[in-house]
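Participant: My structure is stored as upload26.cif, with mmCIF, C-alpha atoms.
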```
data_run
#
loop_
_atom_site.label_atom_id
_atom_site.label_comp_id
_atom_site.auth_asym_id
_atom_site.auth_seq_id
_atom_site.Cartn_x
_atom_site.Cartn_y
_atom_site.Cartn_z
CA TRP A 292 -2.18 -1.51 12.78
CA ASP A 293 -1.09 -3.20 15.99
CA GLU A 294 -3.11 -6.43 15.83
CA TRP A 295 -5.96 -4.53 14.14
CA LYS A 296 -7.36 -6.08 11.00
CA ALA A 297 -9.98 -5.07 8.46
CA GLU A 298 -12.99 -7.33 8.16
CA ASP A 299 -12.16 -8.32 4.57
CA MET A 300 -8.58 -9.46 5.08
CA THR A 301 -9.43 -12.87 3.56
CA TYR A 302 -10.09 -12.79 -0.16
CA PRO A 303 -11.98 -15.24 -2.36
CA ASP A 304 -10.12 -17.64 -4.61
CA THR A 305 -10.96 -15.85 -7.88
CA PRO A 306 -9.08 -15.45 -11.19
CA GLU A 307 -8.42 -11.80 -10.31
CA THR A 308 -6.80 -12.53 -6.95
CA LYS A 309 -4.82 -15.42 -8.47
CA LYS A 310 -3.54 -13.09 -11.20
CA LEU A 311 -2.54 -10.46 -8.65
CA GLN A 312 -0.76 -13.11 -6.56
CA GLU A 313 1.17 -14.30 -9.64
CA GLU A 314 2.21 -10.72 -10.43
CA LEU A 315 3.37 -10.22 -6.86
CA LEU A 316 5.43 -13.41 -7.02
CA VAL A 317 7.13 -12.27 -10.23
CA GLN A 318 7.84 -8.82 -8.80
CA ASN A 319 9.21 -10.34 -5.61
CA LYS A 320 11.50 -12.66 -7.60
CA MET A 321 12.93 -9.70 -9.49
CA MET A 322 13.52 -7.77 -6.26
CA ARG A 323 15.29 -10.79 -4.75
CA GLU A 324 17.61 -11.04 -7.73
CA MET A 325 18.42 -7.33 -7.56
CA ARG A 326 19.46 -7.66 -3.93
CA ARG A 327 21.35 -10.94 -4.25
CA LYS A 328 24.56 -9.22 -5.30
CA GLN A 329 24.31 -6.75 -2.42
CA GLU A 330 23.85 -9.62 0.03
CA LYS A 331 26.84 -11.52 -1.37
CA GLU A 332 29.03 -8.44 -1.17
CA SER A 333 28.14 -7.86 2.47
CA LEU A 334 28.39 -11.55 3.44
CA LYS A 335 32.20 -11.66 3.71
CA LYS A 336 32.24 -8.48 5.77
CA THR A 337 29.57 -9.82 8.11
CA LYS A 338 31.35 -13.14 8.62
CA LYS A 339 34.61 -11.37 9.38
CA GLN A 340 32.92 -9.17 11.97
CA GLU A 341 31.41 -12.24 13.63
CA GLN A 342 34.76 -14.02 13.70
CA ASP A 343 36.51 -10.99 15.17
CA SER A 344 33.90 -10.54 17.87
CA ASN A 345 34.54 -12.20 21.23
CA VAL A 346 31.16 -11.21 22.65
CA ASP A 347 28.55 -13.90 23.16
CA GLN A 348 25.48 -12.99 21.19
CA THR A 349 22.12 -14.30 22.31
CA PRO A 350 19.72 -14.71 19.37
CA GLU A 351 16.98 -12.13 19.42
CA PRO A 352 13.43 -13.41 19.65
CA GLU A 353 11.61 -13.94 16.37
CA GLU A 354 9.60 -10.90 15.30
CA LYS A 355 6.54 -10.81 13.12
CA ALA A 356 7.55 -9.72 9.62
CA TYR A 357 4.17 -8.24 8.76
CA LYS A 358 3.19 -6.05 11.69
CA LEU A 359 1.93 -2.55 11.01
CA ASN A 360 1.46 0.10 13.67
CA PHE A 361 -1.71 1.51 12.19
CA PRO A 362 -2.51 4.70 14.17
CA ASN A 363 -5.98 4.90 15.72
CA GLY A 364 -6.73 8.09 13.84
CA LEU A 365 -6.08 6.41 10.50
CA GLN A 366 -8.13 3.38 11.53
CA GLN A 367 -11.02 5.76 12.20
CA ARG A 368 -10.58 7.32 8.76
CA LEU A 369 -11.04 3.88 7.20
CA VAL A 370 -14.23 3.41 9.20
CA ASP A 371 -15.50 6.86 8.19
CA ASP A 372 -14.56 6.11 4.59
CA LEU A 373 -16.77 3.02 4.58
CA ASP A 374 -19.61 4.92 6.28
CA ASN A 375 -19.54 7.53 3.51
CA ILE A 376 -19.65 4.90 0.78
CA GLU A 377 -22.58 3.19 2.48
CA GLN A 378 -24.37 6.54 2.43
CA ASN A 379 -23.93 6.65 -1.38
CA LYS A 380 -21.19 9.25 -1.22
CA LEU A 381 -18.08 9.34 -3.41
CA LEU A 382 -14.69 10.98 -3.14
CA ASN A 383 -14.14 13.64 -5.77
CA LEU A 384 -11.66 12.57 -8.45
CA PRO A 385 -9.01 13.32 -9.41
CA GLY A 386 -7.80 13.46 -5.82
CA LYS A 387 -5.67 16.39 -4.71
CA PRO A 388 -3.17 15.50 -3.43
CA SER A 389 -3.00 12.20 -5.27
CA ILE A 390 -1.29 9.10 -3.94
CA HIS A 391 1.65 9.91 -6.23
CA ASP A 392 1.84 13.43 -4.76
CA ILE A 393 1.78 12.07 -1.21
CA LEU A 394 4.52 9.52 -1.85
CA THR A 395 6.64 12.10 -3.66
CA ASP A 396 6.39 14.54 -0.76
CA TRP A 397 7.22 11.79 1.75
CA ASN A 398 10.25 10.86 -0.30
CA MET A 399 11.45 14.47 -0.63
CA ARG A 400 11.32 14.85 3.13
CA LYS A 401 13.50 11.76 3.41
CA VAL A 402 15.93 13.30 0.94
CA ALA A 403 16.11 16.42 3.11
CA GLU A 404 16.86 14.20 6.12
CA GLY A 405 19.56 12.37 4.19
CA LYS A 406 17.65 9.08 4.40
CA GLN A 407 16.69 8.63 0.77
CA ASN A 408 18.34 5.79 -1.14
CA LEU A 409 17.77 3.48 -4.08
CA GLU A 410 15.65 1.14 -1.98
CA SER A 411 13.31 4.02 -1.12
CA VAL A 412 12.83 4.86 -4.80
CA GLU A 413 12.16 1.19 -5.60
CA PHE A 414 9.70 0.99 -2.71
CA ILE A 415 7.68 3.98 -3.93
CA ASP A 416 7.58 2.78 -7.53
CA GLY A 417 6.63 -0.71 -6.38
CA LEU A 418 3.89 0.62 -4.11
CA GLU A 419 2.38 2.71 -6.91
CA SER A 420 2.52 -0.24 -9.31
CA LEU A 421 0.90 -2.47 -6.71
CA PHE A 422 -1.84 0.10 -6.15
CA ASP A 423 -2.60 0.32 -9.88
CA ARG A 424 -3.01 -3.46 -10.11
CA ALA A 425 -4.82 -3.99 -6.82
CA LEU A 426 -7.32 -1.12 -7.10
CA PRO A 427 -9.88 -2.83 -9.38
CA VAL A 428 -9.47 -6.16 -7.57
CA MET A 429 -9.71 -5.28 -3.88
CA LEU A 430 -9.42 -1.54 -3.16
CA ILE A 431 -12.79 -0.21 -4.27
CA TYR A 432 -16.31 -0.93 -3.10
CA ASP A 433 -18.99 -2.07 -5.54
CA PHE A 434 -20.59 1.37 -5.35
CA GLU A 435 -17.36 2.89 -6.72
CA ARG A 436 -17.04 0.67 -9.80
CA VAL A 437 -18.87 3.02 -12.13
CA GLN A 438 -16.64 5.83 -10.91
CA LEU A 439 -13.58 3.66 -11.61
CA GLN A 440 -14.64 3.21 -15.23
CA GLU A 441 -15.09 6.96 -15.53
CA ALA A 442 -11.68 7.52 -13.93
CA LEU A 443 -10.00 5.14 -16.39
CA ARG A 444 -11.42 7.16 -19.28
CA GLU A 445 -10.41 10.49 -17.77
CA ALA A 446 -6.95 9.32 -16.70
CA LYS A 447 -5.88 8.94 -20.35
CA GLY A 448 -2.83 6.82 -19.66
CA ARG A 449 -1.96 8.32 -16.28
CA ARG A 450 -1.30 5.94 -13.44
CA LEU A 451 -4.26 5.41 -11.14
CA SER A 452 -2.00 6.42 -8.26
CA GLU A 453 -1.93 9.86 -9.89
CA PHE A 454 -5.73 9.98 -9.86
CA TYR A 455 -6.83 8.56 -6.50
CA PRO A 456 -6.47 10.24 -3.06
CA ALA A 457 -5.10 9.28 0.35
CA GLU A 458 -8.17 7.31 1.44
CA HIS A 459 -7.48 4.69 -1.22
CA LEU A 460 -3.82 4.57 -0.20
CA LEU A 461 -4.95 3.73 3.34
CA ARG A 462 -7.06 0.88 1.98
CA LEU A 463 -3.96 -0.52 0.28
CA LEU A 464 -1.79 -0.17 3.38
CA ALA A 465 -4.44 -1.91 5.49
CA LYS A 466 -4.29 -4.92 3.17
CA LEU A 467 -0.53 -4.90 2.70
CA PRO A 468 0.28 -7.62 5.28
CA TRP A 469 -1.96 -10.03 3.38
CA LEU A 470 -0.38 -9.02 0.07
CA LEU A 471 3.14 -9.49 1.46
CA GLN A 472 2.16 -12.91 2.75
CA GLU A 473 0.72 -13.90 -0.63
CA ALA A 474 3.88 -12.67 -2.38
CA ASP A 475 5.93 -15.15 -0.31
CA MET A 476 8.47 -12.39 0.32
CA ASP A 477 11.64 -13.39 2.14
CA LYS A 478 11.76 -12.18 5.72
CA PRO A 479 14.60 -9.60 5.46
CA LEU A 480 12.93 -7.87 2.52
CA ALA A 481 9.52 -8.10 4.21
CA GLN A 482 10.93 -6.44 7.33
CA LYS A 483 12.48 -3.62 5.29
CA THR A 484 9.18 -3.08 3.51
CA ASN A 485 7.33 -3.22 6.83
CA TYR A 486 9.64 -0.55 8.27
CA LYS A 487 9.07 1.78 5.32
CA VAL A 488 5.29 1.31 5.47
CA ASN A 489 5.24 2.13 9.18
CA ASP A 490 7.30 5.24 8.49
CA LEU A 491 4.86 6.23 5.74
CA LEU A 492 1.93 5.75 8.13
CA LYS A 493 3.61 8.07 10.64
CA TYR A 494 4.04 10.69 7.91
CA ILE A 495 0.38 10.40 6.87
CA GLU A 496 -0.82 10.72 10.47
CA LYS A 497 1.44 13.70 11.17
CA ASN A 498 0.38 15.50 7.98
CA ALA A 499 -3.27 14.43 7.98
CA GLU A 500 -4.58 17.98 7.50
CA THR A 501 -2.73 18.41 4.20
CA VAL A 502 -2.99 14.78 3.07
CA PHE A 503 -6.75 14.28 3.51
CA THR A 504 -8.20 17.19 1.57
CA CYS A 505 -10.41 15.31 -0.88
CA THR A 506 -14.12 15.68 -0.10
CA TYR A 507 -17.09 13.32 -0.36
CA GLU A 508 -20.18 14.23 -2.33
CA ALA A 509 -23.52 12.46 -2.54
CA ALA A 510 -23.88 10.58 -5.81
CA ASP A 511 -26.68 11.77 -8.07
CA LEU A 512 -29.62 9.61 -9.11
CA GLU A 513 -28.14 8.87 -12.53
CA TYR A 514 -24.98 7.44 -10.97
CA ILE A 515 -26.96 5.34 -8.48
CA GLU A 516 -29.03 3.90 -11.33
CA LYS A 517 -25.85 2.98 -13.22
CA THR A 518 -24.49 1.13 -10.20
CA GLN A 519 -27.74 -0.78 -9.87
CA GLN A 520 -27.59 -1.78 -13.54
CA THR A 521 -23.99 -2.99 -13.33
CA SER A 522 -24.73 -5.02 -10.19
CA LYS A 523 -27.49 -7.01 -11.91
#
```
Let me see the structure of the file written as structure tokens.
Facilitator:
Amino acid sequence: WDEWKAEDMTYPDTPETKKLQEELLVQNKMMREMRRKQEKESLKKTKKQEQDSNVDQTPEPEEKAYKLNFPNGLQQRLVDDLDNIEQNKLLNLPGKPSIHDILTDWNMRKVAEGKQNLESVEFIDGLESLFDRALPVMLIYDFERVQLQEALREAKGRRLSEFYPAEHLLRLLAKLPWLLQEADMDKPLAQKTNYKVNDLLKYIEKNAETVFTCTYEAADLEYIEKTQQTSK
């Protein structure tokens, strides 16, 4: 989103958020190590190009590493999503298409365009892993917690990204700048990730009719009573 932020972008200092931050730091460290060799290999070539160039280069102005161009239509979907939850409605699970389905289709389109590479595969796997860890901590509302427990039983070992729909992916993407900041990701990697996320947002907006097909249904009295019991 261009300077648009969700109301809950600041998270409490809890054991869950600390654990997620630690996991992000470990994952980021691994990604840095994987790219260190690539950076070293390209360093000599880059230096040679700079030495050979006789053109004065003015440094480009510093850009924000965590800036998402969140389309207005997708912002509105997040608002509508919250409105439905506040009306005691739930998205039907498992979601069709699932987050995994959406990311797979996005990636296949990149393959067809000749733009798929190892970094894209790593990005998708990392995003799904991040979703699975972040979902119970910050991607569901209290009213959905009973449904989450039911989903964990029904999933039977499947990744949660294979069970939840596009609306929950949007919730993750809306919080991603905060997560990147907490992961202390180096700027070049953060900018690459930022670029891919913006491209994914464009894909979701363009294909909204086929991406957002999961429907909301009013929760029954039994479910509402369960949520009231768990909140006590």
Participant: Might I get the box with edges along x, y and z of the file that holds all atoms of range 359-375 of chain A listed there, padded by 3 Å on every side, given as centre and edge lengths in Å to one decimal, as JSON?
Facilitator:
```
{"center_x": -8.8, "center_y": 2.8, "center_z": 9.6, "size_x": 27.5, "size_y": 16.6, "size_z": 18.2}
```
Participant: Quote the spacing between CA of Gly386 in chain A and CA of Gln440 in chain A in Å to one decimal place.
Facilitator: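 Taking CA of Gly386 in chain A as the start and CA of Gln440 in chain A as the end point, the length is 15.5 Å.
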Participant: Can you list what the PyMOL selection byres ((chain A and resi 508-515) around 7) grabs from this structure, as a ChimeraX atom specification?
Facilitator: /A:379-383,506-507,516-519
Participant: Hey, what comes out of the PyMOL selection byres ((chain A and resi 443-450) around 9) on this file? Could you write it as a list of chain:residue names?
Facilitator: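 Given this file, the PyMOL selection byres ((chain A and resi 443-450) around 9) evaluates to A:Pro385, A:His391, A:Glu419, A:Ser420, A:Asp423, A:Gln438, A:Leu439, A:Gln440, A:Glu441, A:Ala442, A:Leu451, A:Ser452, A:Glu453, A:Phe454.
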Participant: Quick one: apply the PyMOL selection byres ((chain A and resi 355-371) around 9) to the file and drop the selected residues here as a PDB file with C-alpha atoms, in the frame of the given file.
Facilitator:
```
ATOM      1  CA  TRP A 292      -2.180  -1.510  12.780  1.00  0.00           C
ATOM      2  CA  ASP A 293      -1.090  -3.200  15.990  1.00  0.00           C
ATOM      3  CA  GLU A 294      -3.110  -6.430  15.830  1.00  0.00           C
ATOM      4  CA  TRP A 295      -5.960  -4.530  14.140  1.00  0.00           C
ATOM      5  CA  GLU A 353      11.610 -13.940  16.370  1.00  0.00           C
ATOM      6  CA  GLU A 354       9.600 -10.900  15.300  1.00  0.00           C
ATOM      7  CA  ASP A 372     -14.560   6.110   4.590  1.00  0.00           C
ATOM      8  CA  LEU A 373     -16.770   3.020   4.580  1.00  0.00           C
ATOM      9  CA  ASP A 374     -19.610   4.920   6.280  1.00  0.00           C
ATOM     10  CA  ASN A 375     -19.540   7.530   3.510  1.00  0.00           C
ATOM     11  CA  ILE A 376     -19.650   4.900   0.780  1.00  0.00           C
ATOM     12  CA  GLU A 458      -8.170   7.310   1.440  1.00  0.00           C
ATOM     13  CA  LEU A 461      -4.950   3.730   3.340  1.00  0.00           C
ATOM     14  CA  ARG A 462      -7.060   0.880   1.980  1.00  0.00           C
ATOM     15  CA  LEU A 464      -1.790  -0.170   3.380  1.00  0.00           C
ATOM     16  CA  ALA A 465      -4.440  -1.910   5.490  1.00  0.00           C
ATOM     17  CA  LEU A 467      -0.530  -4.900   2.700  1.00  0.00           C
ATOM     18  CA  PRO A 468       0.280  -7.620   5.280  1.00  0.00           C
ATOM     19  CA  TRP A 469      -1.960 -10.030   3.380  1.00  0.00           C
ATOM     20  CA  LEU A 471       3.140  -9.490   1.460  1.00  0.00           C
ATOM     21  CA  GLN A 472       2.160 -12.910   2.750  1.00  0.00           C
ATOM     22  CA  LYS A 478      11.760 -12.180   5.720  1.00  0.00           C
ATOM     23  CA  PRO A 479      14.600  -9.600   5.460  1.00  0.00           C
ATOM     24  CA  ALA A 481       9.520  -8.100   4.210  1.00  0.00           C
ATOM     25  CA  GLN A 482      10.930  -6.440   7.330  1.00  0.00           C
ATOM     26  CA  LYS A 483      12.480  -3.620   5.290  1.00  0.00           C
ATOM     27  CA  THR A 484       9.180  -3.080   3.510  1.00  0.00           C
ATOM     28  CA  ASN A 485       7.330  -3.220   6.830  1.00  0.00           C
ATOM     29  CA  TYR A 486       9.640  -0.550   8.270  1.00  0.00           C
ATOM     30  CA  VAL A 488       5.290   1.310   5.470  1.00  0.00           C
ATOM     31  CA  ASN A 489       5.240   2.130   9.180  1.00  0.00           C
ATOM     32  CA  LEU A 492       1.930   5.750   8.130  1.00  0.00           C
ATOM     33  CA  LYS A 493       3.610   8.070  10.640  1.00  0.00           C
ATOM     34  CA  ILE A 495       0.380  10.400   6.870  1.00  0.00           C
ATOM     35  CA  GLU A 496      -0.820  10.720  10.470  1.00  0.00           C
ATOM     36  CA  ALA A 499      -3.270  14.430   7.980  1.00  0.00           C
TER      37      ALA A 499
END
```
Participant: Please determine, counting only C-alpha atoms, which residue among A:Ser411, A:Asn398, A:Asn498, A:Gln378 has the shortest atom-to-atom distance to Phe434 in chain A.
Facilitator: A:Gln378
Participant: From the set A:Lys466, A:Trp397, A:Glu413, A:Tyr455, which residue has the shortest atom-to-atom contact distance to Lys497 in chain A, counting only C-alpha atoms?
Facilitator: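 Using only C-alpha atoms, Lys497 in chain A sits closest to A:Trp397.
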Participant: What separation in Å, quoted to one decimal, exists between CA of Pro456 in chain A and CA of Cys505 in chain A?
Facilitator: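 CA of Cys505 in chain A lies 6.8 Å from CA of Pro456 in chain A.
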Participant: Counting all atoms listed in the file, which of A:Val502, A:Glu377, A:Tyr494, A:Val412 gets nearest to Arg400 in chain A?
Facilitator: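 Result for the nearest residue to Arg400 in chain A: A:Tyr494.
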Participant: In Å, rounded to a single decimal, give me how far CA of Pro427 in chain A is from CA of Ala474 in chain A.
Facilitator: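 Between CA of Ala474 in chain A and CA of Pro427 in chain A the gap works out to 18.3 Å.
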Participant: Which of these, A:Leu470, A:Met429, A:Leu491, A:Val437, has the shortest distance to Thr395 in chain A once you count only C-alpha atoms?
Facilitator: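 Selected residue with least distance to Thr395 in chain A: A:Leu491.
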Participant: So which one's closest to Ala425 in chain A, A:Gln520, A:Lys487, A:Thr501, A:Leu463? Using all atoms listed in the file, please.
Facilitator: A:Leu463
Participant: Which residue is closest to Ile390 in chain A? Choose from A:Leu421, A:Leu460, A:Glu404, A:Ile431 and count all atoms listed in the file.
Facilitator: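 Checking each of A:Leu421, A:Leu460, A:Glu404, A:Ile431 against Ile390 in chain A, counting all atoms listed in the file, the winner is A:Leu460.
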